[in-house]
Protein chains: 4
Amino acid sequence: MDRRQFLAVGGLAAASPVLAQSTGGDVHDADAALFREVNFIHDGLGLSPREYAAALHEATTRRDLPADNYSNGGVIEELEAAFARKLGKQAAMFVPTGTLANHIALRKLAGPDRRVLVQAESHFYADSGDAGGVLSDLNLVPLAEGRSTITLDEVNDWVERSAGGRVPMKVGVLSIESPVRRRDHEMVDFDELQRVCRRAREQGIRLHLDGARLFNLPYHSGHGVQEYAAMFDTVFVSLWKHFNGASGAILAGDAAFIEGLYHTRRMFGGSLPQAWPVAAVAAQYVDSYEADYARAWQVTDRVIALLKQDRRFKVRKVPMGTSRFFLSVAGVDGAALRERARSRGVLLPRPNPDSGEYAMQVNPSVLRASPEVIAQSLLAAAKG
Amino acid sequence: MDRRQFLAVGGLAAASPVLAQSTGGDVHDADAALFREVNFIHDGLGLSPREYAAALHEATTRRDLPADNYSNGGVIEELEAAFARKLGKQAAMFVPTGTLANHIALRKLAGPDRRVLVQAESHFYADSGDAGGVLSDLNLVPLAEGRSTITLDEVNDWVERSAGGRVPMKVGVLSIESPVRRRDHEMVDFDELQRVCRRAREQGIRLHLDGARLFNLPYHSGHGVQEYAAMFDTVFVSLWKHFNGASGAILAGDAAFIEGLYHTRRMFGGSLPQAWPVAAVAAQYVDSYEADYARAWQVTDRVIALLKQDRRFKVRKVPMGTSRFFLSVAGVDGAALRERARSRGVLLPRPNPDSGEYAMQVNPSVLRASPEVIAQSLLAAAKG
Amino acid sequence: MDRRQFLAVGGLAAASPVLAQSTGGDVHDADAALFREVNFIHDGLGLSPREYAAALHEATTRRDLPADNYSNGGVIEELEAAFARKLGKQAAMFVPTGTLANHIALRKLAGPDRRVLVQAESHFYADSGDAGGVLSDLNLVPLAEGRSTITLDEVNDWVERSAGGRVPMKVGVLSIESPVRRRDHEMVDFDELQRVCRRAREQGIRLHLDGARLFNLPYHSGHGVQEYAAMFDTVFVSLWKHFNGASGAILAGDAAFIEGLYHTRRMFGGSLPQAWPVAAVAAQYVDSYEADYARAWQVTDRVIALLKQDRRFKVRKVPMGTSRFFLSVAGVDGAALRERARSRGVLLPRPNPDSGEYAMQVNPSVLRASPEVIAQSLLAAAKG
Amino acid sequence: MDRRQFLAVGGLAAASPVLAQSTGGDVHDADAALFREVNFIHDGLGLSPREYAAALHEATTRRDLPADNYSNGGVIEELEAAFARKLGKQAAMFVPTGTLANHIALRKLAGPDRRVLVQAESHFYADSGDAGGVLSDLNLVPLAEGRSTITLDEVNDWVERSAGGRVPMKVGVLSIESPVRRRDHEMVDFDELQRVCRRAREQGIRLHLDGARLFNLPYHSGHGVQEYAAMFDTVFVSLWKHFNGASGAILAGDAAFIEGLYHTRRMFGGSLPQAWPVAAVAAQYVDSYEADYARAWQVTDRVIALLKQDRRFKVRKVPMGTSRFFLSVAGVDGAALRERARSRGVLLPRPNPDSGEYAMQVNPSVLRASPEVIAQSLLAAAKG
């Protein structure tokens with residue numbers, strides 16, 4: 001069983017519904033049904049516990065998998081090295097969650113300058129319980145409210161404001177999330193990002209990239225992950241969103257920044273005694289993800305074209321978007337559609353209760369079937 | 001020597017320049033020259049060390065002034081009681097600076113909900129070195145950027161945003177400064193303030209008023225200090241801005257809030273072993289300030305009317321303003337004008353280097369001379 | 001494959017060396033060699049990655065294992081309920097590490113009283129990078145330096161000292177670790193513990209038990225885990241030390257204490273998106289551990305008795321000890337002994353470089369072989 | 001009126017009781033009675049508000065006293081320079097309280113190493129509401145419990161312990177208070193202090209001296225204030241204890257340490273808008289204090305000798321003591337004795353309710369009368 005097996009099964013290219021072959025109930029049939037579903041819900045394959053455990057088990061039988069010791073060494077160290085290489089950074093550290101990866105990065109980058117500019121819509125600002133202020137003495141200033149891109153004007157304004165208080169404050173860090181999850185995975189505008197980063201550098205402001213889904217950017221922006229990473233001092237990438245780990249994140253930066261940082265991870269209670277069970281599966285997806293994602297969009301675009309031939313199907317793409325598009329299916333009950341699609345091996349998200357739209361997530365699970373099979377499954381599901 | 005003496009000297013009502021009578025150099029002449037200057041610079045009388053010490057000395061000879069013990073008891077307790085009464089609050093505590101008064105209030109009001117809405121232009125947000133985040137685990141959210149009034153929409157938006165994070169946050173406190181020093185002492189719009197406070201109450205959000213210059217509001221807004229104070233859980237008022245203390249602030253609130261709070265003051269290093277020397281002078285201005293300020297504006301308006309008869313003098317008032325107006329004097333060198341006015345006993349601020357305007361501060365020192373004398377002094381100074 | 005299979009394989013009761021049967025190299029032989037080793041190193045079975053993944057895989061095939069969602073629900077919720085029941089507490093929460101479990105407990109228990117009494121030798125005080133002070137505003141007071149048991153006198157002294165400062169401090173929490181890892185797993189004296197806890201209760205001091213290895217206490221002290229847990233407001237138990245999870249901890253307490261606490265876990269970056277891969281294996285050991293541990297000591301005592309017949313073997317037990325005893329083997333090179341024992345399926349710790357003693361850890365892996373086989377393996381290893 | 005006038009009035013050298021001359025009630029009589037009392041209660045002269053205000057007033061008439069601006073410049077800057085010189089340090093900063101001076105020093109000295117060794121009996125540890133942990137992320141480790149001198153062994157032990165945790169901690173600062181107020185002003189042993197400081201330096205540990213009453217040490221230890229100060233990176237000296245300010249402290253250190261530190265002072269709310277009224281009086285005592293204190297002990301020793309001639313009077317000195325001795329007066333009611341002494345111009349502390357001893361504080365107020373007059377006053381008071 002290799003990575004291909006986890007993605008797509010050749011036989012599905014047949015005109016049969018996605019899961020046609022696998023309807024049995026016993027263990028072997030169950031095994032046969034693994035790694036088959038196409039989902040438009042997750043950032044990745046959305047492995048079930050059974051699939052995940054099978055993949056993990058296989059990883060331990062393929063070779064003598066070296067365990068980590070309190071999240072140091074072993075397969076964790078291998079992953080760190082692989083991501084450092086991919087990102088063009090000197091070093092990297094595993095962190096059990098993205099929340100902690102962002103937090104540790106900002107905490108250390110800030111040094112004595114605790115004022116940190118962030119997007120109001122960013123995950124760290126909006127979803128971490130104000131961890132930066134509550135635990136790490138940071139003043140997070142939320143910018144770009146209701147938007148994805150912090151502008152050069154905003155940066156200039158806040159640098160000046162900060163310097164103009166009775167206690168002049170230096171902005172310590174500028175943190176950027178791209179794509180922005182809370183904005184339907186919209187990208188930050190690349191040109192403005194370059195200007196903003198250049199200005200920050202001039203001001204001695206350190207730069208952090210929340211690149212949880214960084215590996216989706218190149219397909220849409222034309223700029224490679226290393227090109228992005230080079231603009232920042234530190235970069236966080238999620239291990240579970242695209243790479244199908246159960247949990248975990250990579251924080252990459254200079255060797256001097258990463259050195260000894262595992263002490264901070266432990267202080268936060270983030271040094272899992274053994275981390276390999278949540279991260280080892282991710283290793284096999286690192287090298288192929290970008291190509292798989294590109295192919296996933298090619299398949300998806302073909303699926304969309306096929307669906308559009310049915311006038312009930314409408315598709316809306318997000319300007320500056322990445323992995324999300326919106327689907328609406330006129331005149332079809334959402335719950336019923338989802339249930340019928342599911343029975344054909346295609347998982348749909350819940351439709352938005354107001355607009356009726358499905359926020360469709362594109363990921364490599366679409367490579368498990370041909371565009372025709374997927375489209376056919378959805379059209380059939382719409383028919384009832 | 002009573003309070004009147006510190007404000008205005010009857011003889012000045014004559015047509016002579018403000019300080020005509022006092023040109024000698026020896027101690028007695030010097031004494032005669034005390035408490036004479038009219039200033040358009042300070043929030044209060046701008047007492048010189050000599051004046052301040054004379055006033056303090058006099059306060060200790062008038063009666064057996066009871067000292068405080070680590071900022072508790074004695075004349076400090078008297079001041080606390082006087083302000084609690086004035087503000088219609090159950091209790092009050094002396095704090096050595098307004099920065100600390102605001103900080104202690106927000107820290108305690110927030111309780112477990114560390115998200116605090118503030119004005120971006122407020123003193124505590126802009127001028128305290130991010131103390132709230134750095135020392136007290138608060139996440140201060142700066143609203144109303146470039147404006148004075150936080151709107152109901154902003155409050156609603158941030159209540160909702162905060163509740164919508166993956167870690168739902170309750171906004172703990174809403175802090176309002178009015179008038180806003182960084183906005184030329186502009187008032188917060190009263191009607192919007194009422195709506196905002198009502199909404200906050202409904203949401204269980206606690207309310208703090210940075211009323212450093214609260215006692216200036218009634219003259220301009222028509223709403224009394226108690227009317228303002230009643231909308232908030234806690235109110236800070238400065239002792240030195242209007243009341244001519246050397247330093248210090250009053251923090252007023254419920255008895256339950258104030259009780260034991262002096263321990264927090266001490267933890268911050270804010271319990272002066274003896275505070276009375278910075279605060280005792282303020283006592284004598286508490287009761288009369290509001291009336292004095294109103295009269296000060298009457299005098300000032302008359303001065304303005306007289307000045308306008310000279311076409312070189314132009315006056316610009318701040319919409320929603322309080323103690324500040326802008327004066328420009330066409331064709332007269334700023335440094336020379338200030339020097340000549342000073343020699344006539346009228347102190348002017350430095351003109352704005354770009355606009356040439358003088359940001360004139362209205363305070364009871366104008367009661368030390370008649371409007372005619374003050375206007376005459378300025379007209380003469382403009383003449384050269 | 002059930003739990004028994006992971007512990008001991010009947011065939012080992014034969015006189016053959018522990019691993020006699022399993023010398024092959026192919027996958028099936030490798031599988032045959034799994035779950036065979038006896039270790040005197042770990043707190044538990046010391047599963048290898050291959051063993052761990054096999055156990056996890058089996059758990060997902062035995063039933064449709066429900067995944068958790070950000071560490072809430074699914075198999076995690078089942079584990080929480082199981083431990084709450086075992087400990088006689090109303091509720092429990094999974095936390096990814098013991099460091100964080102202790103931290104979250106102390107942080108919340110302390111409330112406004114940030115002074116916390118701890119053992120100087122405790123794991124949280126000594127090994128967490130001062131997390132309590134650095135992140136959570138706690139003042140951890142290290143008591144019982146060089147000992148395991150905080151005495152009633154010490155508690156009384158510090159309650160009094162704390163109350164007698166110029167800012168009177170209430171001690172907020174008393175935290176006790178038992179057994180104490182840094183003291184060779186020595187128990188805290190039970191009678192003194194009772195007195196200390198009673199006194200703390202009288203003073204309104206909250207109580208936390210770092211019971212990472214709590215389930216070892218009953219066999220040695222005669223007091224059940226619920227008897228211990230009842231003395232404390234909150235109890236932490238490790239999932240990986242005895243229960244063979246890869247990571248994780250349980251924090252148990254009142255329903256009111258646990259409710260909403262997952263928000264704090266997330267704020268710390270401790271809410272793994274999927275935690276089940278590190279915790280699911282632990283579930284199968286919860287019910288049997290205490291009995292297994294008791295039997296493990298019975299086997300071990302028999303092994304000791306057999307070893308002592310060889311005069312080179314000497315055993316030293318720890319007074320008030322739990323899972324550790326010290327073994328010395330006169331005249332035998334440590335590295336060689338370990339290597340020969342290992343080849344017979346018995347893992348020994350590195351000897352202390354000064355004393356030459358092996359700090360032997362007793363755990364249920366000894367149940368995988370008979371005492372005679374284990375003793376024989378060691379005696380043979382000592383022979384060379 | 002010069003400093004001498006504030007200390008002793010020549011006429012008192014006569015055999016008359018201390019205050020014999022001043023029994024009137026009107027203002028002039030009141031003035032005559034100022035600066036006369038001898039107290040055995042305070043660290044300094046214990047100026048009444050009236051005395052303090054008179055001294056402050058006089059300071060403003062003697063010269064054109066330059067005010068400070070938010071605690072920078074003017075007479076404050078002069079004081080800073082004077083103390084820097086006295087202490088042999090490059091720079092110094094005024095801080096409104098000793099609590100804050102210690103706090104700011106430790107906070108900055110610690111840098112990234114938040115573990116700080118302090119005396120359990122020290123003022124900062126015992127009396128500041130755990131400010132270091134609560135506000136500044138410090139882990140204060142209380143040593144020398146029940147003693148004054150931290151030993152080299154303790155330092156070595158904790159350096160080692162700290163390095164031996166799973167997160168190795170460097171001790172960041174060693175803070176020493178001497179004399180120790182809570183230990184009856186006992187000195188720290190000088191030789192051990194030298195060893196301890198040398199060891200700390202070798203370890204890269206920064207050193208802070210809480211020398212609130214540093215200027216009392218040379219008379220007792222034979223080591224000058226600069227000799228002490230040279231052992232430490234930073235030194236705090238109180239302005240009000242010996243130097244009769246109303247409040248305030250000096251924090252001295254390297255120019256690089258002090259530079260910009262006023263921003264931290266402001267962040268804490270410690271930058272009084274005008275500090276001169278609490279500090280200006282202190283200036284006149286800086287140069288003479290050491291000599292005055294030495295003479296005060298000479299007078300006191302003579303007083304003691306005279307008292308001992310009456311067998312009811314017993315004196316107990318503190319080994320390694322400084323400004324305190326204990327007096328007991330057999331068979332005389334404490335309240336009555338205090339009242340009668342007070343009427344003769346000698347203020348006694350309240351006797352200890354258990355031992356009956358008076359904890360007598362030696363300070364320059366004894367220079368206001370001859371030893372004979374003081375002794376006579378006490379003997380007469382004992383007679384009834």
# chains A, B, ... in the order shown; residues from 1 in each chain; ligands from 1
call {"tool": "closest_atom_pairs", "arguments": {"of": "chain C", "to": "chain D", "cutoff": "9 Å", "atoms": "only C-alpha atoms", "output": "CSV"}}
result
residue,atom,partner,partner_atom,distance
C:Arg114,CA,D:Val134,CA,7.3
C:Arg115,CA,D:Asp130,CA,7.6
C:His123,CA,D:Gly165,CA,8.5
C:Tyr125,CA,D:Gly165,CA,8.8
C:Ala126,CA,D:Gly165,CA,5.2
C:Asp127,CA,D:Gly165,CA,4.5
C:Ser128,CA,D:Val167,CA,6.0
C:Gly129,CA,D:Val167,CA,5.0
C:Asp130,CA,D:Asn139,CA,6.5
C:Ala131,CA,D:Asp137,CA,8.8
C:Gly132,CA,D:Asn139,CA,8.2
C:Gly133,CA,D:Asp137,CA,5.1
C:Val134,CA,D:Asp137,CA,4.0
C:Leu135,CA,D:Asp137,CA,6.6
C:Ser136,CA,D:Val134,CA,7.7
C:Asp137,CA,D:Val134,CA,4.0
C:Leu138,CA,D:Gly133,CA,5.7
C:Asn139,CA,D:Gly133,CA,5.3
C:Leu140,CA,D:Asn139,CA,7.3
C:Val141,CA,D:Val141,CA,7.0
C:Pro142,CA,D:Val141,CA,7.4
C:Arg161,CA,D:Ala126,CA,7.7
C:Ser162,CA,D:Ala126,CA,7.2
C:Gly164,CA,D:Ala126,CA,8.0
C:Gly165,CA,D:Asp127,CA,4.5
C:Arg166,CA,D:Asp127,CA,4.6
C:Val167,CA,D:Gly129,CA,5.0
C:Pro168,CA,D:Gly129,CA,7.0
C:Met169,CA,D:Gly129,CA,6.4
call {"tool": "residues_around", "arguments": {"residues": "A:Asp68", "least_positions_apart": "5", "cutoff": "7 Å", "atoms": "only C-alpha atoms", "output": "list in words"}}
result
Gly73, Gly74, Val75, Ile76, Gln274, Ala275 and Trp276 of chain A
call {"tool": "write_last_selection", "arguments": {"atoms": "C-alpha atoms", "output": "short mmCIF file (atom, residue, chain, number, x, y, z; two decimals), in the first residue's frame"}}
result
data_model
loop_
_atom_site.label_atom_id
_atom_site.label_comp_id
_atom_site.auth_asym_id
_atom_site.auth_seq_id
_atom_site.Cartn_x
_atom_site.Cartn_y
_atom_site.Cartn_z
CA GLY A 73 14.22 13.11 17.32
CA GLY A 74 13.04 10.11 15.34
CA VAL A 75 10.41 10.50 12.69
CA ILE A 76 9.56 13.94 14.08
CA GLN A 274 5.45 10.57 21.87
CA ALA A 275 4.30 12.65 18.95
CA TRP A 276 4.93 10.22 16.12
#
call {"tool": "calpha_fit_rmsd", "arguments": {"fixed": "chain D", "moving": "chain A"}}
result
0.1 Å
call {"tool": "select_by_dssp", "arguments": {"residues": "stretch 96-309 of chain C", "states": "helix (DSSP H, G or I)", "output": "PyMOL selection string"}}
result
chain C and resi 98-110+123-127+131-136+152-163+181-183+190-202+214-221+225-230+255-258+261-267+276-285+289-308
call {"tool": "closest_residue", "arguments": {"among": "D:Pro351, D:Gly88, D:Pro112, D:Gly204", "to": "D:Ala255", "atoms": "only C-alpha atoms"}}
result
D:Gly88
call {"tool": "residues_around", "arguments": {"residues": "stretch 171-176 of chain B", "least_positions_apart": "6", "cutoff": "7 Å", "atoms": "only C-alpha atoms", "output": "MDAnalysis selection string"}}
result
chainID B and resid 106 109:110 113:119 159 162 205:210
call {"tool": "select_by_dssp", "arguments": {"residues": "stretch 188-361 of chain C", "states": "strand (DSSP E or B)", "output": "PyMOL selection string"}}
result
chain C and resi 206-210+234-238+249-253+313-317+324-329+346-347+358-361
call {"tool": "atom_distance", "arguments": {"atom1": "atom CA of C:Asp310", "atom2": "atom CA of C:Phe35"}}
result
29.0 Å
call {"tool": "closest_residue", "arguments": {"among": "D:Phe83, D:Ser148, D:Leu65, D:Lys108", "to": "D:Glu192", "atoms": "only C-alpha atoms"}}
result
D:Ser148
call {"tool": "residues_around", "arguments": {"residues": "A:Ala359", "least_positions_apart": "5", "cutoff": "8 Å", "atoms": "only C-alpha atoms", "output": "list in words"}}
result
Ile41, Arg324, Phe325, Phe326, Leu327, Pro349, Arg350, Pro351 and Asn352 of chain A
call {"tool": "write_last_selection", "arguments": {"atoms": "C-alpha atoms", "output": "compact mmCIF listing (two decimals), in the first residue's frame"}}
result
# COMPACT_ATOMS: atom_id res chain seq x y z
CA ILE A 41 -15.43 19.16 3.17
CA ARG A 324 -12.97 26.92 -1.85
CA PHE A 325 -15.76 27.39 -4.34
CA PHE A 326 -19.49 27.69 -3.76
CA LEU A 327 -21.99 25.35 -5.30
CA PRO A 349 -20.63 20.05 3.34
CA ARG A 350 -23.82 21.28 4.95
CA PRO A 351 -25.34 24.03 2.83
CA ASN A 352 -25.41 27.53 4.25
call {"tool": "atom_distance", "arguments": {"atom1": "atom CA of B:Ala375", "atom2": "atom CA of B:Leu306"}}
result
6.3 Å
call {"tool": "atom_distance", "arguments": {"atom1": "atom CA of A:Phe257", "atom2": "atom CA of A:Leu193"}}
result
22.9 Å
call {"tool": "residues_around", "arguments": {"residues": "D:Gly211", "least_positions_apart": "2", "cutoff": "12 Å", "atoms": "only C-alpha atoms", "output": "PyMOL selection string"}}
result
chain D and resi 87+98-99+101-102+122-124+175-181+185+187-188+208-209+213-218+225-226+228-229+232+234-239+241-242+249-252
call {"tool": "decode", "arguments": {"residues": "stretch 233-260 of chain B", "atoms": "N, CA and C atoms", "output": "compact mmCIF listing (two decimals), in the first residue's frame"}}
result
# COMPACT_ATOMS: atom_id res chain seq x y z
N ASP B 233 -19.39 51.66 35.70
CA ASP B 233 -19.08 50.99 36.97
C ASP B 233 -18.00 51.74 37.73
N THR B 234 -17.01 52.21 36.98
CA THR B 234 -15.89 52.90 37.62
C THR B 234 -15.57 54.16 36.83
N VAL B 235 -15.08 55.14 37.55
CA VAL B 235 -14.73 56.43 36.95
C VAL B 235 -13.39 56.88 37.50
N PHE B 236 -12.50 57.29 36.61
CA PHE B 236 -11.24 57.90 37.04
C PHE B 236 -11.29 59.40 36.76
N VAL B 237 -10.86 60.16 37.74
CA VAL B 237 -10.74 61.61 37.58
C VAL B 237 -9.34 62.02 38.01
N SER B 238 -8.72 62.88 37.26
CA SER B 238 -7.37 63.33 37.59
C SER B 238 -7.39 64.37 38.70
N LEU B 239 -6.42 64.29 39.58
CA LEU B 239 -6.30 65.30 40.63
C LEU B 239 -5.43 66.48 40.22
N TRP B 240 -4.61 66.28 39.23
CA TRP B 240 -3.67 67.35 38.91
C TRP B 240 -4.11 68.17 37.70
N LYS B 241 -4.91 67.58 36.84
CA LYS B 241 -5.23 68.34 35.63
C LYS B 241 -6.08 69.56 35.97
N HIS B 242 -7.19 69.35 36.64
CA HIS B 242 -8.04 70.49 36.98
C HIS B 242 -7.84 70.98 38.39
N PHE B 243 -7.38 70.11 39.26
CA PHE B 243 -7.45 70.42 40.69
C PHE B 243 -6.10 70.79 41.29
N ASN B 244 -5.11 70.87 40.41
CA ASN B 244 -3.83 71.45 40.80
C ASN B 244 -3.05 70.65 41.83
N GLY B 245 -3.36 69.39 41.97
CA GLY B 245 -2.45 68.53 42.71
C GLY B 245 -1.16 68.37 41.92
N ALA B 246 -0.12 67.85 42.58
CA ALA B 246 1.12 67.63 41.83
C ALA B 246 1.02 66.36 41.01
N SER B 247 0.17 65.48 41.46
CA SER B 247 0.03 64.18 40.82
C SER B 247 -1.23 63.55 41.39
N GLY B 248 -1.61 62.40 40.90
CA GLY B 248 -2.68 61.65 41.54
C GLY B 248 -3.97 61.60 40.78
N ALA B 249 -4.74 60.61 41.16
CA ALA B 249 -6.01 60.34 40.50
C ALA B 249 -6.96 59.73 41.50
N ILE B 250 -8.23 59.85 41.19
CA ILE B 250 -9.26 59.22 42.00
C ILE B 250 -9.92 58.15 41.14
N LEU B 251 -10.08 56.97 41.72
CA LEU B 251 -10.84 55.92 41.05
C LEU B 251 -12.07 55.63 41.91
N ALA B 252 -13.24 55.86 41.34
CA ALA B 252 -14.47 55.72 42.12
C ALA B 252 -15.33 54.59 41.58
N GLY B 253 -16.06 53.96 42.48
CA GLY B 253 -16.94 52.86 42.08
C GLY B 253 -17.77 52.37 43.25
N ASP B 254 -18.32 51.18 43.10
CA ASP B 254 -19.06 50.57 44.21
C ASP B 254 -18.15 50.29 45.38
N ALA B 255 -18.74 50.27 46.56
CA ALA B 255 -17.96 49.93 47.75
C ALA B 255 -17.29 48.57 47.58
N ALA B 256 -18.03 47.61 47.02
CA ALA B 256 -17.47 46.27 46.86
C ALA B 256 -16.28 46.27 45.91
N PHE B 257 -16.33 47.14 44.92
CA PHE B 257 -15.22 47.20 43.96
C PHE B 257 -13.98 47.81 44.61
N ILE B 258 -14.18 48.85 45.37
CA ILE B 258 -13.05 49.59 45.94
C ILE B 258 -12.44 48.87 47.14
N GLU B 259 -13.25 48.10 47.82
CA GLU B 259 -12.76 47.45 49.04
C GLU B 259 -11.56 46.53 48.75
N GLY B 260 -10.52 46.74 49.51
CA GLY B 260 -9.34 45.89 49.36
C GLY B 260 -8.50 46.20 48.14
